[in-house]
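Chemist: Following this line is data.txt, made up of compact mmCIF, N, CA and C atoms:
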```
# COMPACT_ATOMS: atom_id res chain seq x y z
N MET A 142 9.38 -39.07 -32.44
CA MET A 142 9.60 -37.66 -32.21
C MET A 142 8.42 -36.89 -32.79
N SER A 143 7.88 -35.97 -32.05
CA SER A 143 6.73 -35.20 -32.53
C SER A 143 7.20 -34.13 -33.52
N LEU A 144 6.25 -33.62 -34.29
CA LEU A 144 6.56 -32.59 -35.28
C LEU A 144 7.18 -31.36 -34.62
N ALA A 145 6.62 -30.94 -33.49
CA ALA A 145 7.14 -29.75 -32.81
C ALA A 145 8.58 -29.93 -32.40
N SER A 146 8.94 -31.09 -31.87
CA SER A 146 10.34 -31.28 -31.48
C SER A 146 11.23 -31.37 -32.71
N THR A 147 10.70 -31.83 -33.83
CA THR A 147 11.46 -31.85 -35.08
C THR A 147 11.78 -30.42 -35.51
N TRP A 148 10.80 -29.54 -35.48
CA TRP A 148 11.07 -28.15 -35.82
C TRP A 148 12.07 -27.54 -34.86
N GLN A 149 11.92 -27.86 -33.58
CA GLN A 149 12.84 -27.31 -32.59
C GLN A 149 14.25 -27.84 -32.81
N ASP A 150 14.38 -29.05 -33.33
CA ASP A 150 15.70 -29.59 -33.67
C ASP A 150 16.38 -28.74 -34.74
N TYR A 151 15.62 -28.25 -35.72
CA TYR A 151 16.19 -27.35 -36.72
C TYR A 151 16.76 -26.11 -36.04
N ILE A 152 15.98 -25.55 -35.14
CA ILE A 152 16.38 -24.33 -34.43
C ILE A 152 17.67 -24.57 -33.65
N GLU A 153 17.70 -25.65 -32.89
CA GLU A 153 18.87 -25.94 -32.07
C GLU A 153 20.11 -26.20 -32.92
N ALA A 154 19.96 -26.86 -34.06
CA ALA A 154 21.09 -27.14 -34.95
C ALA A 154 21.65 -25.84 -35.54
N VAL A 155 20.77 -24.91 -35.91
CA VAL A 155 21.22 -23.64 -36.47
C VAL A 155 21.97 -22.83 -35.40
N ILE A 156 21.42 -22.75 -34.21
CA ILE A 156 22.06 -22.00 -33.12
C ILE A 156 23.41 -22.62 -32.77
N ALA A 157 23.49 -23.94 -32.78
CA ALA A 157 24.73 -24.65 -32.43
C ALA A 157 25.88 -24.32 -33.39
N CYS A 158 25.57 -23.89 -34.59
CA CYS A 158 26.62 -23.52 -35.56
C CYS A 158 27.45 -22.34 -35.06
N GLY A 159 26.85 -21.48 -34.23
CA GLY A 159 27.58 -20.33 -33.69
C GLY A 159 27.61 -19.11 -34.59
N HIS A 160 26.89 -19.13 -35.70
CA HIS A 160 26.88 -17.99 -36.63
C HIS A 160 25.53 -17.31 -36.72
N VAL A 161 24.56 -17.82 -35.97
CA VAL A 161 23.21 -17.26 -35.93
C VAL A 161 22.83 -17.19 -34.45
N SER A 162 22.43 -16.01 -33.99
CA SER A 162 22.12 -15.88 -32.56
C SER A 162 20.67 -16.20 -32.23
N LYS A 163 19.77 -15.94 -33.18
CA LYS A 163 18.35 -16.23 -32.99
C LYS A 163 17.79 -16.74 -34.31
N VAL A 164 16.85 -17.66 -34.23
CA VAL A 164 16.25 -18.20 -35.45
C VAL A 164 14.82 -18.61 -35.17
N ALA A 165 13.98 -18.47 -36.19
CA ALA A 165 12.59 -18.90 -36.09
C ALA A 165 12.15 -19.47 -37.43
N ILE A 166 11.25 -20.42 -37.36
CA ILE A 166 10.55 -20.91 -38.54
C ILE A 166 9.09 -20.55 -38.31
N VAL A 167 8.55 -19.75 -39.22
CA VAL A 167 7.17 -19.27 -39.08
C VAL A 167 6.39 -19.58 -40.34
N GLY A 168 5.12 -19.88 -40.18
CA GLY A 168 4.24 -20.08 -41.33
C GLY A 168 4.02 -18.77 -42.05
N LEU A 169 3.65 -18.85 -43.32
CA LEU A 169 3.38 -17.63 -44.08
C LEU A 169 2.21 -16.84 -43.51
N ASP A 170 1.40 -17.49 -42.67
CA ASP A 170 0.30 -16.80 -41.99
C ASP A 170 0.73 -16.13 -40.69
N GLY A 171 2.02 -16.28 -40.35
CA GLY A 171 2.55 -15.64 -39.15
C GLY A 171 2.60 -16.51 -37.91
N THR A 172 2.10 -17.72 -37.99
CA THR A 172 2.17 -18.60 -36.82
C THR A 172 3.59 -19.12 -36.66
N THR A 173 4.04 -19.18 -35.42
CA THR A 173 5.40 -19.66 -35.15
C THR A 173 5.40 -21.18 -35.09
N TRP A 174 6.24 -21.80 -35.90
CA TRP A 174 6.41 -23.25 -35.87
C TRP A 174 7.44 -23.63 -34.82
N ALA A 175 8.50 -22.84 -34.73
CA ALA A 175 9.54 -23.05 -33.71
C ALA A 175 10.41 -21.80 -33.69
N SER A 176 11.01 -21.53 -32.52
CA SER A 176 11.93 -20.39 -32.43
C SER A 176 12.90 -20.58 -31.28
N SER A 177 14.02 -19.88 -31.38
CA SER A 177 14.97 -19.89 -30.28
C SER A 177 14.40 -19.05 -29.15
N SER A 178 14.96 -19.22 -27.97
CA SER A 178 14.45 -18.49 -26.81
C SER A 178 14.64 -16.99 -27.01
N ASN A 179 13.75 -16.22 -26.46
CA ASN A 179 13.78 -14.75 -26.53
C ASN A 179 13.71 -14.21 -27.95
N PHE A 180 13.07 -14.94 -28.85
CA PHE A 180 12.91 -14.45 -30.22
C PHE A 180 11.45 -14.61 -30.61
N GLU A 181 10.72 -13.53 -30.48
CA GLU A 181 9.29 -13.54 -30.78
C GLU A 181 9.04 -12.76 -32.07
N VAL A 182 8.59 -13.47 -33.07
CA VAL A 182 8.27 -12.87 -34.36
C VAL A 182 6.76 -12.69 -34.41
N THR A 183 6.31 -11.47 -34.65
CA THR A 183 4.88 -11.20 -34.66
C THR A 183 4.28 -11.45 -36.05
N LYS A 184 2.96 -11.58 -36.08
CA LYS A 184 2.27 -11.73 -37.36
C LYS A 184 2.47 -10.48 -38.21
N ALA A 185 2.56 -9.32 -37.58
CA ALA A 185 2.82 -8.08 -38.32
C ALA A 185 4.20 -8.10 -38.96
N ASP A 186 5.21 -8.62 -38.23
CA ASP A 186 6.56 -8.76 -38.78
C ASP A 186 6.53 -9.62 -40.05
N VAL A 187 5.85 -10.75 -39.96
CA VAL A 187 5.76 -11.69 -41.08
C VAL A 187 5.02 -11.06 -42.25
N ALA A 188 3.92 -10.37 -41.98
CA ALA A 188 3.14 -9.74 -43.05
C ALA A 188 3.96 -8.69 -43.80
N THR A 189 4.74 -7.91 -43.07
CA THR A 189 5.58 -6.88 -43.69
C THR A 189 6.62 -7.52 -44.61
N ILE A 190 7.28 -8.54 -44.12
CA ILE A 190 8.30 -9.22 -44.93
C ILE A 190 7.66 -9.90 -46.12
N PHE A 191 6.53 -10.55 -45.92
CA PHE A 191 5.86 -11.26 -47.01
C PHE A 191 5.55 -10.30 -48.16
N LYS A 192 5.08 -9.10 -47.84
CA LYS A 192 4.78 -8.10 -48.87
C LYS A 192 6.05 -7.70 -49.63
N ALA A 193 7.18 -7.68 -48.92
CA ALA A 193 8.45 -7.27 -49.55
C ALA A 193 8.92 -8.27 -50.60
N PHE A 194 8.51 -9.53 -50.50
CA PHE A 194 8.89 -10.48 -51.52
C PHE A 194 8.21 -10.15 -52.85
N VAL A 195 7.07 -9.49 -52.78
CA VAL A 195 6.33 -9.09 -53.98
C VAL A 195 6.78 -7.69 -54.42
N ASP A 196 6.91 -6.78 -53.46
CA ASP A 196 7.27 -5.40 -53.76
C ASP A 196 8.26 -4.88 -52.72
N PRO A 197 9.56 -5.05 -52.96
CA PRO A 197 10.56 -4.63 -51.96
C PRO A 197 10.61 -3.12 -51.73
N SER A 198 10.03 -2.34 -52.63
CA SER A 198 10.05 -0.88 -52.43
C SER A 198 9.35 -0.47 -51.15
N SER A 199 8.46 -1.34 -50.66
CA SER A 199 7.75 -1.03 -49.41
C SER A 199 8.71 -0.96 -48.22
N LEU A 200 9.88 -1.58 -48.33
CA LEU A 200 10.86 -1.56 -47.24
C LEU A 200 12.00 -0.58 -47.48
N SER A 201 12.20 -0.19 -48.73
CA SER A 201 13.40 0.57 -49.06
C SER A 201 13.48 1.93 -48.37
N VAL A 202 12.38 2.54 -48.07
CA VAL A 202 12.39 3.86 -47.44
C VAL A 202 12.43 3.77 -45.92
N HIS A 203 11.57 2.94 -45.35
CA HIS A 203 11.42 2.91 -43.89
C HIS A 203 12.03 1.70 -43.21
N GLY A 204 12.51 0.71 -43.96
CA GLY A 204 13.03 -0.49 -43.34
C GLY A 204 11.90 -1.34 -42.78
N PHE A 205 12.22 -2.15 -41.78
CA PHE A 205 11.20 -3.03 -41.21
C PHE A 205 11.58 -3.41 -39.79
N ARG A 206 10.61 -3.96 -39.07
CA ARG A 206 10.82 -4.42 -37.69
C ARG A 206 10.79 -5.94 -37.67
N MET A 207 11.62 -6.49 -36.80
CA MET A 207 11.63 -7.92 -36.56
C MET A 207 11.89 -8.13 -35.08
N SER A 208 10.94 -8.75 -34.42
CA SER A 208 11.06 -9.03 -32.99
C SER A 208 11.36 -7.76 -32.18
N GLY A 209 10.68 -6.68 -32.53
CA GLY A 209 10.80 -5.44 -31.78
C GLY A 209 11.98 -4.57 -32.13
N LYS A 210 12.80 -4.98 -33.08
CA LYS A 210 13.99 -4.20 -33.45
C LYS A 210 13.85 -3.71 -34.89
N HIS A 211 14.26 -2.47 -35.14
CA HIS A 211 14.18 -1.89 -36.48
C HIS A 211 15.43 -2.25 -37.30
N TYR A 212 15.21 -2.61 -38.55
CA TYR A 212 16.30 -2.95 -39.47
C TYR A 212 16.20 -2.10 -40.73
N VAL A 213 17.34 -1.66 -41.22
CA VAL A 213 17.43 -0.98 -42.50
C VAL A 213 17.40 -2.06 -43.58
N PHE A 214 16.60 -1.84 -44.60
CA PHE A 214 16.51 -2.78 -45.72
C PHE A 214 17.80 -2.71 -46.53
N ILE A 215 18.42 -3.88 -46.76
CA ILE A 215 19.66 -3.95 -47.55
C ILE A 215 19.37 -4.42 -48.96
N ARG A 216 18.74 -5.59 -49.07
CA ARG A 216 18.41 -6.11 -50.40
C ARG A 216 17.41 -7.25 -50.27
N SER A 217 16.84 -7.62 -51.43
CA SER A 217 15.91 -8.74 -51.44
C SER A 217 15.90 -9.40 -52.81
N THR A 218 15.43 -10.63 -52.81
CA THR A 218 15.13 -11.36 -54.04
C THR A 218 13.71 -11.89 -53.85
N THR A 219 13.27 -12.75 -54.73
CA THR A 219 11.94 -13.34 -54.56
C THR A 219 11.91 -14.34 -53.41
N GLU A 220 13.08 -14.71 -52.88
CA GLU A 220 13.13 -15.70 -51.79
C GLU A 220 13.91 -15.24 -50.57
N ASN A 221 14.49 -14.05 -50.59
CA ASN A 221 15.39 -13.64 -49.50
C ASN A 221 15.26 -12.15 -49.24
N VAL A 222 15.18 -11.77 -47.95
CA VAL A 222 15.20 -10.37 -47.54
C VAL A 222 16.30 -10.23 -46.50
N ILE A 223 17.12 -9.18 -46.64
CA ILE A 223 18.22 -8.94 -45.70
C ILE A 223 18.11 -7.53 -45.15
N GLY A 224 18.28 -7.42 -43.82
CA GLY A 224 18.26 -6.13 -43.15
C GLY A 224 19.41 -6.00 -42.18
N LYS A 225 19.72 -4.76 -41.79
CA LYS A 225 20.86 -4.51 -40.91
C LYS A 225 20.50 -3.44 -39.89
N ASN A 226 21.06 -3.58 -38.69
CA ASN A 226 20.93 -2.58 -37.64
C ASN A 226 22.28 -2.50 -36.95
N GLY A 227 23.10 -1.51 -37.33
CA GLY A 227 24.44 -1.40 -36.78
C GLY A 227 25.27 -2.62 -37.13
N GLN A 228 25.77 -3.31 -36.11
CA GLN A 228 26.59 -4.50 -36.32
C GLN A 228 25.77 -5.79 -36.28
N THR A 229 24.44 -5.67 -36.23
CA THR A 229 23.57 -6.84 -36.22
C THR A 229 22.72 -6.84 -37.48
N GLY A 230 22.12 -7.98 -37.77
CA GLY A 230 21.30 -8.03 -38.96
C GLY A 230 20.36 -9.22 -38.96
N VAL A 231 19.53 -9.26 -40.00
CA VAL A 231 18.54 -10.31 -40.14
C VAL A 231 18.53 -10.79 -41.58
N THR A 232 18.30 -12.08 -41.73
CA THR A 232 18.11 -12.67 -43.06
C THR A 232 16.85 -13.51 -43.01
N VAL A 233 16.03 -13.41 -44.04
CA VAL A 233 14.77 -14.15 -44.12
C VAL A 233 14.74 -14.91 -45.43
N CYS A 234 14.43 -16.20 -45.34
CA CYS A 234 14.29 -17.04 -46.52
C CYS A 234 12.83 -17.50 -46.62
N LYS A 235 12.20 -17.22 -47.76
CA LYS A 235 10.81 -17.63 -47.98
C LYS A 235 10.77 -18.99 -48.66
N CYS A 236 9.98 -19.87 -48.09
CA CYS A 236 9.75 -21.20 -48.64
C CYS A 236 8.31 -21.28 -49.13
N GLN A 237 7.83 -22.46 -49.53
CA GLN A 237 6.46 -22.58 -50.01
C GLN A 237 5.43 -22.31 -48.92
N GLN A 238 5.67 -22.82 -47.69
CA GLN A 238 4.69 -22.71 -46.62
C GLN A 238 5.18 -21.92 -45.41
N CYS A 239 6.44 -21.57 -45.40
CA CYS A 239 7.00 -20.93 -44.21
C CYS A 239 8.14 -19.98 -44.57
N MET A 240 8.65 -19.31 -43.55
CA MET A 240 9.85 -18.49 -43.66
C MET A 240 10.82 -18.91 -42.57
N VAL A 241 12.09 -18.90 -42.90
CA VAL A 241 13.15 -19.12 -41.92
C VAL A 241 13.79 -17.76 -41.68
N ILE A 242 13.85 -17.34 -40.42
CA ILE A 242 14.35 -16.02 -40.06
C ILE A 242 15.54 -16.19 -39.13
N GLY A 243 16.67 -15.59 -39.49
CA GLY A 243 17.87 -15.68 -38.67
C GLY A 243 18.42 -14.31 -38.34
N ILE A 244 18.90 -14.17 -37.12
CA ILE A 244 19.51 -12.92 -36.64
C ILE A 244 20.98 -13.20 -36.33
N TYR A 245 21.85 -12.29 -36.75
CA TYR A 245 23.25 -12.38 -36.33
C TYR A 245 23.57 -11.17 -35.46
N GLU A 246 24.48 -11.37 -34.54
CA GLU A 246 24.89 -10.31 -33.61
C GLU A 246 26.28 -9.81 -33.96
N GLU A 247 26.70 -8.76 -33.28
CA GLU A 247 28.04 -8.21 -33.47
C GLU A 247 29.07 -9.32 -33.29
N GLY A 248 30.04 -9.36 -34.19
CA GLY A 248 31.09 -10.37 -34.13
C GLY A 248 30.80 -11.60 -34.98
N MET A 249 29.57 -11.75 -35.42
CA MET A 249 29.22 -12.87 -36.30
C MET A 249 29.30 -12.37 -37.75
N GLN A 250 29.58 -13.28 -38.66
CA GLN A 250 29.70 -12.92 -40.08
C GLN A 250 28.32 -12.91 -40.75
N PRO A 251 27.90 -11.78 -41.29
CA PRO A 251 26.59 -11.70 -41.94
C PRO A 251 26.43 -12.73 -43.07
N GLY A 252 27.45 -12.89 -43.89
CA GLY A 252 27.37 -13.84 -45.01
C GLY A 252 27.19 -15.27 -44.55
N THR A 253 27.83 -15.63 -43.45
CA THR A 253 27.69 -16.99 -42.93
C THR A 253 26.29 -17.22 -42.40
N CYS A 254 25.74 -16.22 -41.70
CA CYS A 254 24.35 -16.31 -41.22
C CYS A 254 23.42 -16.48 -42.41
N ASN A 255 23.60 -15.67 -43.43
CA ASN A 255 22.76 -15.74 -44.62
C ASN A 255 22.84 -17.12 -45.26
N ASN A 256 24.05 -17.64 -45.42
CA ASN A 256 24.23 -18.97 -46.04
C ASN A 256 23.52 -20.06 -45.25
N ILE A 257 23.64 -20.02 -43.94
CA ILE A 257 23.01 -21.05 -43.10
C ILE A 257 21.48 -20.99 -43.23
N ILE A 258 20.93 -19.78 -43.12
CA ILE A 258 19.47 -19.63 -43.22
C ILE A 258 18.97 -20.07 -44.59
N MET A 259 19.70 -19.70 -45.64
CA MET A 259 19.29 -20.09 -46.99
C MET A 259 19.40 -21.60 -47.20
N LYS A 260 20.39 -22.25 -46.60
CA LYS A 260 20.51 -23.72 -46.71
C LYS A 260 19.34 -24.42 -46.02
N VAL A 261 18.96 -23.93 -44.85
CA VAL A 261 17.79 -24.50 -44.18
C VAL A 261 16.56 -24.28 -45.05
N GLY A 262 16.42 -23.08 -45.61
CA GLY A 262 15.30 -22.79 -46.49
C GLY A 262 15.30 -23.67 -47.73
N ASP A 263 16.46 -23.89 -48.32
CA ASP A 263 16.56 -24.77 -49.50
C ASP A 263 16.09 -26.18 -49.16
N TYR A 264 16.51 -26.67 -47.99
CA TYR A 264 16.08 -28.01 -47.58
C TYR A 264 14.56 -28.07 -47.41
N LEU A 265 14.00 -27.06 -46.77
CA LEU A 265 12.55 -27.04 -46.58
C LEU A 265 11.81 -26.95 -47.91
N LYS A 266 12.34 -26.14 -48.84
CA LYS A 266 11.72 -26.02 -50.16
C LYS A 266 11.78 -27.35 -50.92
N GLU A 267 12.90 -28.06 -50.81
CA GLU A 267 13.03 -29.36 -51.46
C GLU A 267 11.99 -30.34 -50.93
N ASN A 268 11.54 -30.12 -49.70
CA ASN A 268 10.54 -30.99 -49.08
C ASN A 268 9.15 -30.37 -49.09
N ASN A 269 8.95 -29.42 -50.02
CA ASN A 269 7.66 -28.76 -50.24
C ASN A 269 7.11 -28.05 -49.01
N LEU A 270 7.99 -27.57 -48.19
CA LEU A 270 7.57 -26.80 -47.02
C LEU A 270 7.87 -25.33 -47.28
```
What does this structure look like when you write it as structure tokens?

Modeler:
Amino acid sequence: MSLASTWQDYIEAVIACGHVSKVAIVGLDGTTWASSSNFEVTKADVATIFKAFVDPSSLSVHGFRMSGKHYVFIRSTTENVIGKNGQTGVTVCKCQQCMVIGIYEEGMQPGTCNNIIMKVGDYLKENNL
């Protein structure tokens, strides 16, 4: 199995859970390693989130964009950023070399989406990714 299909397997497994509608694994430089269909994360999206891990105040006033959609900043830690837009939201987990980004839609549980994305991130961190 090639590396690309391995990354895509992560994406498909997360989507199959039914609690995350879109997911991407992107390098800290903004390159996409794998993503679900119709989910394009730009380098600008990644750069904005990356800065928030150092200084979350940059998001607290204006929020942030992810894949063309605006999100209100909810909270962050040194490894996690959470945003919301109405009944939808985004969770981002920062690893050593990448970020795992998950979107939930109306009817999905935000906490479950967050837990799934953080578990994938924990696994990647354990493997120095």

Chemist: Nearest residue to A:Val233 out of A:Tyr264, A:Ser178, A:Ala165, A:Val195, using only C-alpha atoms?

Modeler: A:Ala165

Chemist: With only N, CA and C atoms counted, which protein, DNA or RNA residues have an atom no more than 5 Å from (12.2, -22.2, -40.1) in the file frame? Please answer as a list in words.

Modeler: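 Residues with an atom at most 5 Å from (12.2, -22.2, -40.1): Ala165, Ile166, Val167, Met240 and Val241 of chain A.
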
Chemist: From the options A:Gln238, A:Thr219, A:Thr189, A:Gln228, which residue's atoms come nearest to A:Gly168, counting only C-alpha atoms?

Modeler: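 The closest residue to A:Gly168 is A:Gln238.
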
Chemist: Return as AutoDock Vina command-line options the centre and edge lengths, in Å with one decimal, of the box along x, y and z that encloses every atom of stretch 196-208 of chain A in the file, padded by 5 Å per side.

Modeler:
```
--center_x 10.2 --center_y -2.6 --center_z -43.0 --size_x 16.6 --size_y 22.9 --size_z 31.6
```

Chemist: Go ahead and compute the interatomic distance for atom N of A:Val164 and atom CA of A:Phe180, in Å to one decimal.

Modeler: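 These two atoms are separated by 6.5 Å.
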
Chemist: Grab the atom N of A:Cys239 to atom C of A:Leu270 distance for me, in Å with one decimal place.

Modeler: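 About the pair atom N of A:Cys239 and atom C of A:Leu270: they are 4.4 Å apart.
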
Chemist: Please return, as a list of chain:residue names, all residues of stretch 164-261 of chain A that DSSP assigns to helix (DSSP H, G or I) on the basis of the backbone.

Modeler: A:Lys184, A:Ala185, A:Asp186, A:Val187, A:Ala188, A:Thr189, A:Ile190, A:Phe191, A:Lys192, A:Ala193, A:Phe194, A:Val195, A:Ser198, A:Ser199, A:Leu200, A:Ser201, A:Pro251, A:Gly252, A:Thr253, A:Cys254, A:Asn255, A:Asn256, A:Ile257, A:Ile258, A:Met259, A:Lys260, A:Val261

Chemist: How far is it from atom CA of A:Lys225 to atom CA of A:Thr253, in Å with one decimal?

Modeler: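 Result for atom CA of A:Lys225 versus atom CA of A:Thr253: 14.4 Å, one decimal.
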
Chemist: Would you please give, as number ranges by chain, all residues of stretch 165-250 of chain A that DSSP assigns to strand (DSSP E or B) based on the backbone?

Modeler: A: 165-168, 173-176, 205-207, 210-217, 221-226, 229-235, 239-245

Chemist: What would the file look like if the residues just selected were written as an mmCIF file, in the coordinates of the input with N, CA and C atoms?

Modeler:
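Listing of again_21.cif after writing:
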```cif
data_model
loop_
_atom_site.group_PDB
_atom_site.id
_atom_site.type_symbol
_atom_site.label_atom_id
_atom_site.label_comp_id
_atom_site.auth_asym_id
_atom_site.auth_seq_id
_atom_site.Cartn_x
_atom_site.Cartn_y
_atom_site.Cartn_z
ATOM 1 N N ALA A 165 13.980 -18.470 -36.190
ATOM 2 C CA ALA A 165 12.590 -18.900 -36.090
ATOM 3 C C ALA A 165 12.150 -19.470 -37.430
ATOM 4 N N ILE A 166 11.250 -20.420 -37.360
ATOM 5 C CA ILE A 166 10.550 -20.910 -38.540
ATOM 6 C C ILE A 166 9.090 -20.550 -38.310
ATOM 7 N N VAL A 167 8.550 -19.750 -39.220
ATOM 8 C CA VAL A 167 7.170 -19.270 -39.080
ATOM 9 C C VAL A 167 6.390 -19.580 -40.340
ATOM 10 N N GLY A 168 5.120 -19.880 -40.180
ATOM 11 C CA GLY A 168 4.240 -20.080 -41.330
ATOM 12 C C GLY A 168 4.020 -18.770 -42.050
ATOM 13 N N THR A 173 4.040 -19.180 -35.420
ATOM 14 C CA THR A 173 5.400 -19.660 -35.150
ATOM 15 C C THR A 173 5.400 -21.180 -35.090
ATOM 16 N N TRP A 174 6.240 -21.800 -35.900
ATOM 17 C CA TRP A 174 6.410 -23.250 -35.870
ATOM 18 C C TRP A 174 7.440 -23.630 -34.820
ATOM 19 N N ALA A 175 8.500 -22.840 -34.730
ATOM 20 C CA ALA A 175 9.540 -23.050 -33.710
ATOM 21 C C ALA A 175 10.410 -21.800 -33.690
ATOM 22 N N SER A 176 11.010 -21.530 -32.520
ATOM 23 C CA SER A 176 11.930 -20.390 -32.430
ATOM 24 C C SER A 176 12.900 -20.580 -31.280
ATOM 25 N N PHE A 205 12.220 -2.150 -41.780
ATOM 26 C CA PHE A 205 11.200 -3.030 -41.210
ATOM 27 C C PHE A 205 11.580 -3.410 -39.790
ATOM 28 N N ARG A 206 10.610 -3.960 -39.070
ATOM 29 C CA ARG A 206 10.820 -4.420 -37.690
ATOM 30 C C ARG A 206 10.790 -5.940 -37.670
ATOM 31 N N MET A 207 11.620 -6.490 -36.800
ATOM 32 C CA MET A 207 11.630 -7.920 -36.560
ATOM 33 C C MET A 207 11.890 -8.130 -35.080
ATOM 34 N N LYS A 210 12.800 -4.980 -33.080
ATOM 35 C CA LYS A 210 13.990 -4.200 -33.450
ATOM 36 C C LYS A 210 13.850 -3.710 -34.890
ATOM 37 N N HIS A 211 14.260 -2.470 -35.140
ATOM 38 C CA HIS A 211 14.180 -1.890 -36.480
ATOM 39 C C HIS A 211 15.430 -2.250 -37.300
ATOM 40 N N TYR A 212 15.210 -2.610 -38.550
ATOM 41 C CA TYR A 212 16.300 -2.950 -39.470
ATOM 42 C C TYR A 212 16.200 -2.100 -40.730
ATOM 43 N N VAL A 213 17.340 -1.660 -41.220
ATOM 44 C CA VAL A 213 17.430 -0.980 -42.500
ATOM 45 C C VAL A 213 17.400 -2.060 -43.580
ATOM 46 N N PHE A 214 16.600 -1.840 -44.600
ATOM 47 C CA PHE A 214 16.510 -2.780 -45.720
ATOM 48 C C PHE A 214 17.800 -2.710 -46.530
ATOM 49 N N ILE A 215 18.420 -3.880 -46.760
ATOM 50 C CA ILE A 215 19.660 -3.950 -47.550
ATOM 51 C C ILE A 215 19.370 -4.420 -48.960
ATOM 52 N N ARG A 216 18.740 -5.590 -49.070
ATOM 53 C CA ARG A 216 18.410 -6.110 -50.400
ATOM 54 C C ARG A 216 17.410 -7.250 -50.270
ATOM 55 N N SER A 217 16.840 -7.620 -51.430
ATOM 56 C CA SER A 217 15.910 -8.740 -51.440
ATOM 57 C C SER A 217 15.900 -9.400 -52.810
ATOM 58 N N ASN A 221 14.490 -14.050 -50.590
ATOM 59 C CA ASN A 221 15.390 -13.640 -49.500
ATOM 60 C C ASN A 221 15.260 -12.150 -49.240
ATOM 61 N N VAL A 222 15.180 -11.770 -47.950
ATOM 62 C CA VAL A 222 15.200 -10.370 -47.540
ATOM 63 C C VAL A 222 16.300 -10.230 -46.500
ATOM 64 N N ILE A 223 17.120 -9.180 -46.640
ATOM 65 C CA ILE A 223 18.220 -8.940 -45.700
ATOM 66 C C ILE A 223 18.110 -7.530 -45.150
ATOM 67 N N GLY A 224 18.280 -7.420 -43.820
ATOM 68 C CA GLY A 224 18.260 -6.130 -43.150
ATOM 69 C C GLY A 224 19.410 -6.000 -42.180
ATOM 70 N N LYS A 225 19.720 -4.760 -41.790
ATOM 71 C CA LYS A 225 20.860 -4.510 -40.910
ATOM 72 C C LYS A 225 20.500 -3.440 -39.890
ATOM 73 N N ASN A 226 21.060 -3.580 -38.690
ATOM 74 C CA ASN A 226 20.930 -2.580 -37.640
ATOM 75 C C ASN A 226 22.280 -2.500 -36.950
ATOM 76 N N THR A 229 24.440 -5.670 -36.230
ATOM 77 C CA THR A 229 23.570 -6.840 -36.220
ATOM 78 C C THR A 229 22.720 -6.840 -37.480
ATOM 79 N N GLY A 230 22.120 -7.980 -37.770
ATOM 80 C CA GLY A 230 21.300 -8.030 -38.960
ATOM 81 C C GLY A 230 20.360 -9.220 -38.960
ATOM 82 N N VAL A 231 19.530 -9.260 -40.000
ATOM 83 C CA VAL A 231 18.540 -10.310 -40.140
ATOM 84 C C VAL A 231 18.530 -10.790 -41.580
ATOM 85 N N THR A 232 18.300 -12.080 -41.730
ATOM 86 C CA THR A 232 18.110 -12.670 -43.060
ATOM 87 C C THR A 232 16.850 -13.510 -43.010
ATOM 88 N N VAL A 233 16.030 -13.410 -44.040
ATOM 89 C CA VAL A 233 14.770 -14.150 -44.120
ATOM 90 C C VAL A 233 14.740 -14.910 -45.430
ATOM 91 N N CYS A 234 14.430 -16.200 -45.340
ATOM 92 C CA CYS A 234 14.290 -17.040 -46.520
ATOM 93 C C CYS A 234 12.830 -17.500 -46.620
ATOM 94 N N LYS A 235 12.200 -17.220 -47.760
ATOM 95 C CA LYS A 235 10.810 -17.630 -47.980
ATOM 96 C C LYS A 235 10.770 -18.990 -48.660
ATOM 97 N N CYS A 239 6.440 -21.570 -45.400
ATOM 98 C CA CYS A 239 7.000 -20.930 -44.210
ATOM 99 C C CYS A 239 8.140 -19.980 -44.570
ATOM 100 N N MET A 240 8.650 -19.310 -43.550
ATOM 101 C CA MET A 240 9.850 -18.490 -43.660
ATOM 102 C C MET A 240 10.820 -18.910 -42.570
ATOM 103 N N VAL A 241 12.090 -18.900 -42.900
ATOM 104 C CA VAL A 241 13.150 -19.120 -41.920
ATOM 105 C C VAL A 241 13.790 -17.760 -41.680
ATOM 106 N N ILE A 242 13.850 -17.340 -40.420
ATOM 107 C CA ILE A 242 14.350 -16.020 -40.060
ATOM 108 C C ILE A 242 15.540 -16.190 -39.130
ATOM 109 N N GLY A 243 16.670 -15.590 -39.490
ATOM 110 C CA GLY A 243 17.870 -15.680 -38.670
ATOM 111 C C GLY A 243 18.420 -14.310 -38.340
ATOM 112 N N ILE A 244 18.900 -14.170 -37.120
ATOM 113 C CA ILE A 244 19.510 -12.920 -36.640
ATOM 114 C C ILE A 244 20.980 -13.200 -36.330
ATOM 115 N N TYR A 245 21.850 -12.290 -36.750
ATOM 116 C CA TYR A 245 23.250 -12.380 -36.330
ATOM 117 C C TYR A 245 23.570 -11.170 -35.460
#
```

Chemist: Neighbours of A:Ala154 within 12 Å (only C-alpha atoms; same-chain residues fewer than 5 positions away dropped), as a list of chain:residue names?

Modeler: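 Contacts, with the query itself left out: A:Thr147, A:Trp148, A:Gln149, A:Gly159, A:His160, A:Val161, A:Ser162, A:Lys163, A:Val164, A:Ala165, A:Ser176, A:Ser177, A:Ile257, A:Ile258, A:Val261.
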
Chemist: Just the residues within 7 Å of A:Val231, please, counting all atoms listed in the file, with nothing from its chain fewer than 5 positions along; format it as JSON, numbers by chain.

Modeler: {"A": [222, 223, 224, 225, 226, 242, 243, 244, 245]}

Chemist: Contacts of A:Gly171 at 8 Å or less, counting only C-alpha atoms, minus same-chain residues fewer than 5 places along, as number ranges by chain?

Modeler: A: 182-188

Chemist: Looking at only N, CA and C atoms, which of A:Phe194, A:Cys254, A:Arg216, A:Gln237 is the one that sits closest to A:Leu169?

Modeler: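 Using only N, CA and C atoms, the shortest distance to A:Leu169 belongs to A:Gln237.
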
Chemist: Nearest residue to A:Tyr212 out of A:Ser199, A:Glu181, A:Gly230, A:Asn269, using only C-alpha atoms?

Modeler: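 When distances to A:Tyr212 are compared using only C-alpha atoms, the smallest one comes from A:Gly230.
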
Chemist: Excluding A:Asn255 and residues on its chain fewer than 5 positions from it, collect all residues at most 6.5 Å away from it, counting only N, CA and C atoms, and give them as number ranges by chain.

Modeler: A: 232, 250, 260
